[in-house]
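This is final-v4.cif. It holds mmCIF, C-alpha atoms and all ligand atoms.
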```cif
data_coords
#
loop_
_atom_site.label_atom_id
_atom_site.label_comp_id
_atom_site.auth_asym_id
_atom_site.auth_seq_id
_atom_site.Cartn_x
_atom_site.Cartn_y
_atom_site.Cartn_z
CA MET A 249 -106.76 -136.63 26.06
CA LEU A 250 -104.09 -136.11 23.37
CA GLU A 251 -104.08 -132.54 22.10
CA ILE A 252 -102.09 -131.36 19.12
CA GLN A 253 -102.14 -127.61 18.85
CA ASN A 254 -100.79 -125.43 16.11
CA VAL A 255 -97.98 -127.84 15.29
CA ARG A 256 -95.32 -127.32 12.67
CA ALA A 257 -92.87 -130.10 11.97
CA GLY A 258 -90.87 -131.55 9.11
CA TYR A 259 -87.46 -132.72 8.07
CA GLY A 260 -84.67 -130.18 8.45
CA ALA A 261 -85.42 -127.25 6.18
CA ILE A 262 -88.50 -128.97 4.70
CA ASN A 263 -91.64 -128.19 6.65
CA VAL A 264 -94.50 -130.71 6.25
CA LEU A 265 -97.09 -129.95 8.97
CA TRP A 266 -98.53 -126.45 8.89
CA ASP A 267 -100.14 -125.13 12.09
CA LEU A 268 -101.94 -128.41 12.53
CA SER A 269 -104.39 -128.94 15.40
CA LEU A 270 -106.34 -132.01 16.35
CA SER A 271 -107.79 -133.65 19.39
CA ILE A 272 -107.86 -137.34 20.29
CA ALA A 273 -110.69 -138.35 22.62
CA PRO A 274 -110.17 -141.07 25.25
CA GLY A 275 -111.57 -144.50 24.49
CA LYS A 276 -112.31 -143.56 20.89
CA LEU A 277 -110.90 -144.54 17.54
CA THR A 278 -109.78 -141.52 15.57
CA THR A 279 -108.82 -142.04 11.96
CA ILE A 280 -106.55 -139.76 9.98
CA ILE A 281 -106.88 -140.12 6.25
CA GLY A 282 -105.40 -138.32 3.28
CA GLN A 283 -103.59 -138.86 0.03
CA ASN A 284 -99.99 -140.02 -0.27
CA GLY A 285 -97.68 -137.30 0.99
CA ALA A 286 -100.39 -135.43 2.95
CA GLY A 287 -98.22 -135.67 6.08
CA LYS A 288 -100.00 -138.40 8.05
CA THR A 289 -96.89 -140.40 8.93
CA THR A 290 -95.03 -137.17 9.68
CA LEU A 291 -97.75 -136.29 12.19
CA LEU A 292 -97.43 -139.69 13.87
CA ARG A 293 -93.64 -139.27 13.98
CA ALA A 294 -94.04 -135.88 15.63
CA MET A 295 -96.45 -137.38 18.21
CA MET A 296 -93.95 -140.13 19.02
CA GLY A 297 -90.98 -137.77 19.30
CA LEU A 298 -89.28 -139.21 16.22
CA ILE A 299 -89.00 -135.74 14.68
CA PRO A 300 -88.89 -132.40 16.50
CA VAL A 301 -91.81 -130.00 16.63
CA SER A 302 -90.69 -126.52 15.61
CA GLN A 303 -93.90 -124.79 16.68
CA GLY A 304 -96.97 -125.64 18.76
CA THR A 305 -97.62 -128.17 21.50
CA ILE A 306 -98.52 -131.84 21.91
CA THR A 307 -99.99 -132.70 25.31
CA LEU A 308 -101.23 -135.95 26.81
CA ASP A 309 -103.68 -135.51 29.68
CA GLY A 310 -102.51 -131.91 29.97
CA LYS A 311 -98.79 -132.77 30.19
CA PRO A 312 -96.49 -131.67 27.37
CA LEU A 313 -94.97 -134.44 25.27
CA ASN A 314 -92.68 -132.15 23.26
CA GLY A 315 -89.13 -133.19 23.94
CA THR A 316 -90.01 -136.64 25.31
CA PRO A 317 -87.64 -139.00 23.52
CA THR A 318 -89.21 -141.85 21.59
CA TRP A 319 -87.64 -144.47 23.86
CA ASP A 320 -89.49 -142.93 26.82
CA MET A 321 -92.92 -142.91 25.15
CA HIS A 322 -93.75 -146.24 26.78
CA LYS A 323 -93.50 -144.47 30.15
CA VAL A 324 -96.39 -142.20 29.16
CA SER A 325 -98.20 -145.23 27.74
CA MET A 326 -98.03 -144.39 24.05
CA ALA A 327 -97.21 -147.10 21.52
CA MET A 328 -96.95 -147.01 17.76
CA ILE A 329 -97.27 -149.79 15.21
CA PRO A 330 -95.34 -148.41 12.25
CA GLU A 331 -96.17 -148.91 8.62
CA GLY A 332 -94.53 -151.95 7.06
CA ARG A 333 -95.25 -154.41 9.91
CA MET A 334 -91.70 -154.44 11.15
CA VAL A 335 -91.03 -157.60 13.09
CA PHE A 336 -87.78 -159.15 14.27
CA ARG A 337 -87.46 -161.73 11.52
CA ASP A 338 -84.92 -163.95 13.27
CA MET A 339 -86.91 -164.20 16.46
CA THR A 340 -89.92 -166.39 17.12
CA VAL A 341 -93.45 -165.05 17.32
CA GLU A 342 -93.38 -165.33 21.11
CA GLU A 343 -89.99 -163.61 21.40
CA ASN A 344 -91.29 -160.78 19.23
CA LEU A 345 -94.26 -160.41 21.53
CA MET A 346 -92.07 -160.36 24.63
CA MET A 347 -90.04 -157.54 23.06
CA GLY A 348 -93.23 -155.47 23.32
CA ALA A 349 -93.04 -155.77 27.11
CA PHE A 350 -89.31 -155.07 27.52
CA ALA A 351 -89.66 -152.19 29.98
CA PRO A 352 -89.44 -153.14 33.69
CA GLN A 353 -92.94 -151.86 34.49
CA HIS A 354 -94.45 -154.02 31.73
CA ARG A 355 -92.56 -157.22 32.48
CA ALA A 356 -94.70 -157.97 35.52
CA HIS A 357 -97.79 -158.17 33.30
CA ALA A 358 -96.09 -159.83 30.33
CA ALA A 359 -97.51 -163.32 30.91
CA ARG A 360 -101.06 -161.98 31.24
CA ASN A 361 -100.71 -159.77 28.19
CA LEU A 362 -99.16 -162.62 26.19
CA GLU A 363 -102.16 -164.79 26.97
CA ARG A 364 -104.51 -161.97 26.00
CA SER A 365 -102.63 -161.57 22.69
CA PHE A 366 -102.96 -165.26 21.93
CA GLU A 367 -106.64 -165.14 22.77
CA MET A 368 -107.14 -162.16 20.43
CA PHE A 369 -104.89 -163.53 17.69
CA PRO A 370 -105.28 -167.35 17.82
CA ARG A 371 -103.13 -167.76 14.72
CA LEU A 372 -100.18 -166.36 16.66
CA ARG A 373 -100.63 -168.95 19.39
CA GLU A 374 -100.44 -171.73 16.79
CA ARG A 375 -97.26 -170.16 15.45
CA ARG A 376 -95.65 -169.06 18.68
CA ARG A 377 -92.43 -170.99 18.02
CA GLN A 378 -92.23 -170.07 14.33
CA MET A 379 -89.64 -167.53 13.12
CA ALA A 380 -91.36 -164.21 12.44
CA GLY A 381 -89.51 -163.93 9.11
CA SER A 382 -91.50 -166.88 7.78
CA LEU A 383 -94.96 -165.44 8.57
CA SER A 384 -97.32 -164.32 5.81
CA GLY A 385 -97.86 -160.57 5.38
CA GLY A 386 -101.18 -160.75 7.21
CA GLU A 387 -99.75 -162.79 10.08
CA ALA A 388 -96.83 -160.37 10.40
CA GLN A 389 -99.28 -157.46 10.64
CA MET A 390 -101.19 -159.30 13.38
CA LEU A 391 -97.89 -159.87 15.18
CA ALA A 392 -96.98 -156.19 14.91
CA MET A 393 -100.40 -155.28 16.35
CA ALA A 394 -100.16 -157.81 19.15
CA ARG A 395 -96.64 -156.64 20.04
CA GLY A 396 -97.90 -153.04 20.20
CA LEU A 397 -100.53 -154.17 22.71
CA MET A 398 -98.07 -156.02 24.98
CA SER A 399 -97.36 -152.85 26.97
CA ASP A 400 -101.11 -152.23 27.35
CA PRO A 401 -100.74 -148.65 26.03
CA LYS A 402 -103.20 -145.93 26.85
CA VAL A 403 -102.84 -144.63 23.29
CA LEU A 404 -102.20 -146.98 20.39
CA ILE A 405 -101.11 -145.43 17.11
CA ILE A 406 -101.40 -147.60 14.00
CA ASP A 407 -99.97 -146.57 10.63
CA GLU A 408 -101.56 -148.07 7.51
CA PRO A 409 -102.18 -151.58 8.83
CA SER A 410 -104.19 -152.79 5.83
CA LEU A 411 -101.52 -151.90 3.26
CA GLY A 412 -100.90 -154.84 0.94
CA LEU A 413 -103.16 -157.26 2.80
CA ALA A 414 -105.49 -159.72 1.07
CA PRO A 415 -109.20 -158.84 1.47
CA VAL A 416 -109.81 -161.65 3.96
CA MET A 417 -106.99 -160.36 6.17
CA VAL A 418 -108.31 -156.80 5.87
CA ASN A 419 -111.65 -158.07 7.21
CA GLU A 420 -109.89 -159.77 10.09
CA LEU A 421 -107.85 -156.67 10.84
CA PHE A 422 -110.87 -154.38 10.98
CA ALA A 423 -112.73 -156.87 13.18
CA ILE A 424 -109.81 -156.66 15.62
CA LEU A 425 -109.78 -152.86 15.50
CA LYS A 426 -113.51 -152.90 16.24
CA ARG A 427 -112.95 -155.21 19.18
CA LEU A 428 -110.15 -153.02 20.59
CA LYS A 429 -112.41 -150.01 20.22
CA ASP A 430 -115.26 -151.79 22.00
CA ASP A 431 -112.80 -152.58 24.81
CA GLY A 432 -112.31 -148.81 25.21
CA ARG A 433 -108.78 -148.55 23.83
CA THR A 434 -107.81 -145.08 22.60
CA MET A 435 -106.54 -145.48 19.04
CA ILE A 436 -105.25 -143.35 16.21
CA LEU A 437 -105.52 -145.07 12.87
CA VAL A 438 -103.89 -143.82 9.70
CA GLU A 439 -105.41 -145.53 6.67
CA GLN A 440 -105.62 -145.34 2.90
CA ASN A 441 -108.70 -147.55 2.99
CA THR A 442 -111.05 -144.61 3.61
CA HIS A 443 -114.28 -146.56 3.46
CA ARG A 444 -113.22 -149.12 6.08
CA ALA A 445 -111.48 -146.55 8.27
CA VAL A 446 -114.57 -144.32 8.44
CA GLY A 447 -116.69 -147.43 9.09
CA VAL A 448 -114.78 -148.33 12.26
CA ALA A 449 -113.91 -144.82 13.51
CA ASP A 450 -115.61 -142.47 15.96
CA HIS A 451 -113.95 -139.39 14.54
CA VAL A 452 -112.41 -138.59 11.16
CA TYR A 453 -109.69 -136.11 10.22
CA LEU A 454 -108.80 -135.54 6.60
CA MET A 455 -105.35 -134.13 5.93
CA GLN A 456 -104.12 -132.37 2.84
CA SER A 457 -100.73 -130.73 2.31
CA GLY A 458 -99.87 -130.87 6.00
CA LYS A 459 -103.17 -129.34 7.16
CA VAL A 460 -106.48 -130.62 8.51
CA VAL A 461 -109.21 -129.92 5.94
CA LEU A 462 -112.01 -131.87 7.62
CA SER A 463 -112.78 -132.83 11.22
CA GLN A 464 -116.07 -134.65 11.73
CA ALA A 465 -117.78 -137.34 13.77
CA ALA A 466 -117.62 -140.55 11.71
CA SER A 467 -121.40 -140.97 11.99
CA GLU A 468 -121.86 -137.62 10.22
CA VAL A 469 -119.36 -138.17 7.44
CA SER A 470 -120.72 -138.30 3.90
CA LEU A 471 -118.36 -140.51 1.93
CA GLU A 472 -119.24 -138.60 -1.23
CA HIS A 473 -118.26 -135.29 0.35
CA LEU A 474 -115.16 -136.87 1.86
CA HIS A 475 -114.03 -138.28 -1.46
CA GLY A 476 -114.61 -134.90 -3.12
CA LEU A 477 -112.30 -133.27 -0.59
CA TYR A 478 -109.88 -136.19 -0.66
CA PHE A 479 -109.23 -135.81 -4.35
CA ALA A 480 -109.24 -131.99 -4.36
CA ARG A 481 -105.66 -130.93 -5.02
CA GLU A 482 -106.21 -127.29 -4.08
CA SER A 483 -104.75 -126.64 -0.64
CA GLY A 484 -107.33 -123.90 -0.07
CA VAL A 485 -110.27 -126.34 -0.02
CA THR A 486 -111.77 -126.83 3.44
CA ALA A 487 -114.82 -128.59 4.83
N1 LIG B 501 -87.29 -138.46 5.98
C1 LIG B 501 -87.80 -137.52 5.18
N2 LIG B 501 -87.04 -136.50 4.70
C2 LIG B 501 -87.57 -135.54 3.91
N3 LIG B 501 -88.87 -135.50 3.53
C3 LIG B 501 -89.66 -136.49 3.96
C4 LIG B 501 -89.19 -137.55 4.81
N4 LIG B 501 -90.23 -138.38 5.06
C5 LIG B 501 -91.29 -137.86 4.42
N5 LIG B 501 -90.96 -136.74 3.76
C6 LIG B 501 -91.86 -135.90 2.95
O1 LIG B 501 -92.88 -135.40 3.77
C7 LIG B 501 -94.12 -135.33 3.06
C8 LIG B 501 -95.19 -136.06 3.86
O2 LIG B 501 -94.84 -137.45 3.93
P1 LIG B 501 -95.63 -138.47 4.87
O3 LIG B 501 -94.90 -139.77 4.81
O4 LIG B 501 -95.86 -137.86 6.19
O5 LIG B 501 -97.01 -138.55 4.09
P2 LIG B 501 -98.20 -139.60 4.28
O6 LIG B 501 -99.45 -138.78 4.30
O7 LIG B 501 -97.94 -140.47 5.45
O8 LIG B 501 -98.10 -140.39 2.92
P3 LIG B 501 -98.30 -141.97 2.62
O9 LIG B 501 -99.76 -142.20 2.67
O10 LIG B 501 -97.74 -142.10 1.24
O11 LIG B 501 -97.52 -142.74 3.65
C9 LIG B 501 -93.86 -135.94 1.70
O12 LIG B 501 -93.70 -134.89 0.78
C10 LIG B 501 -92.56 -136.71 1.88
O13 LIG B 501 -91.80 -136.74 0.69
#
```

Structure translated into structure tokens:
Amino acid sequence: MLEIQNVRAGYGAINVLWDLSLSIAPGKLTTIIGQNGAGKTTLLRAMMGLIPVSQGTITLDGKPLNGTPTWDMHKVSMAMIPEGRMVFRDMTVEENLMMGAFAPQHRAHAARNLERSFEMFPRLRERRRQMAGSLSGGEAQMLAMARGLMSDPKVLIIDEPSLGLAPVMVNELFAILKRLKDDGRTMILVEQNTHRAVGVADHVYLMQSGKVVLSQAASEVSLEHLHGLYFARESGVTA
């Protein structure tokens, strides 16, 4: 569905991704894990057109995405929930959600998608008139997720959603990811919480120094082997 082939990308003169290839299957949850600085967020930025790709191709259903500006990604049905649960603090929960359906083609379904969000995240319904800036960290993450779903994207990209959440909220978050996966949503999940990410995923990629060093079905992943690779600092180590 989403194919990344031989991609190089980075920031100006600094290259971060080195000839990176990976494949995202439709209706599956693919997790990308790796240590701090491995290039996970950079990869997501390249997918979303936030940074240019200097080599290689990114295609969605066979059509090239390279050069598609970030503000047009909703037209190809890609949405990203960035790290840091960015919400509009001075807007209510409901207004934040409606911002997720700003594009004309999504407005028609906004009421239905709002109701679906409230059904999936009941806590947001209770707090629909509350200012987003006064939500707890966990609630703000739920709001960021729900807003990402308001456009009903074909591909949902989620960057480190469990970061800084209390264990009970992490459980809730992974239950929601599981539910979205069971509904057939195509998702790309970047996570530091390896154990939980592998537990919910269909496919696992491990990145190191801007390269993929392991690509495996989640059901076949040995956590011991994964952790061995995860903590190997040598860039020459591969699965
Ligand atoms: N805006 C930027 N300008 C220059 N270098 C950057 C920029 N953003 C990230 N980098 C560098 O790119 C490399 C990869 O960073 P990236 O954020 O993609 O890693 P990551 O795997 O997502 O790490 P983390 O898990 O800590 O978020 C790092 O060396 C980082 O310092």

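If all atoms listed in the file are the atoms counted, then among A:Pro330, A:Leu421, A:Met249, A:Pro401 the closest residue to Thr278 in chain A is A:Met249.
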
* To do: List all protein, DNA and RNA residues that have at least one atom no more than 12 Å from any atom of ligand LIG 501 (chain B), counting all atoms listed in the file, and write them as a PyMOL selection string.
  => chain A and resi 257-266+280-294+298-299+330-332+406-411+437-442+454-460+478

* In Å to one decimal, how far is CA of Arg371 in chain A from CA of Glu387 in chain A? ->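 Taking CA of Glu387 in chain A as the start and CA of Arg371 in chain A as the end point, the length is 7.6 Å.
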
* **Which residue of A:Ile306, A:Val416, A:Met296, A:Ala356 approaches Trp319 in chain A most closely, using all atoms listed in the file** => A:Met296

* To do: Tell me, in Å to one decimal, how far CA of Lys276 in chain A is from CA of Ala449 in chain A.
  =>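 Answer for the CA of Lys276 in chain A to CA of Ala449 in chain A separation: 7.7 Å.
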
* Go through A:Leu428, A:Val448, A:Met321, A:Met417 one by one, measure the shortest atom-to-atom distance of each to Ala388 in chain A using all atoms listed in the file, and give the residue with the smallest value. =>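 Among A:Leu428, A:Val448, A:Met321, A:Met417, it is A:Met417 that comes nearest to Ala388 in chain A.
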
* To do: Please identify all polymer residues within 12 Å of Leu345 in chain A, counting all atoms listed in the file, omitting same-chain residues fewer than 2 positions from it, and present them as a PyMOL selection string.
  => chain A and resi 335-336+339-343+347-350+355+358-366+369+372-373+375-377+379-380+388+390-399

* Asked: If we count all atoms listed in the file, what is near Lys402 in chain A at a cut-off of 9 Å, once residues fewer than 4 positions away on the same chain are taken out, given as number ranges by chain?
  -> A: 274-275, 324-327, 433-435

* Between CA of Leu250 in chain A and CA of Gly447 in chain A, what is the distance, to one decimal in Å? -> 22.2 Å

* So which residues are close to (-115.7, -135.1, -1.5), meaning at most 12 Å away in the file's coordinates with all atoms listed in the file counted, and can you show them as a PyMOL selection string? -> chain A and resi 282+442+454+461-462+469-481+485-487

* To do: Pick out the residues sitting within 6 Å of Asp267 in chain A, and hand them over as a list in words; count only C-alpha atoms, and ignore anything fewer than 5 positions along from it in its own chain.
  => Asn254, Val255 and Arg256 of chain A

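Candidate residues A:Ser382, A:Gln353, A:Asn314, A:Thr305 were compared for distance to Arg337 in chain A, and the nearest is A:Ser382, using all atoms listed in the file.
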
* Identify which of the residues A:Asp320, A:Asp431, A:Asp450, A:Asp338 lies closest to Met368 in chain A, counting all atoms listed in the file when measuring atom-to-atom distances. => A:Asp431
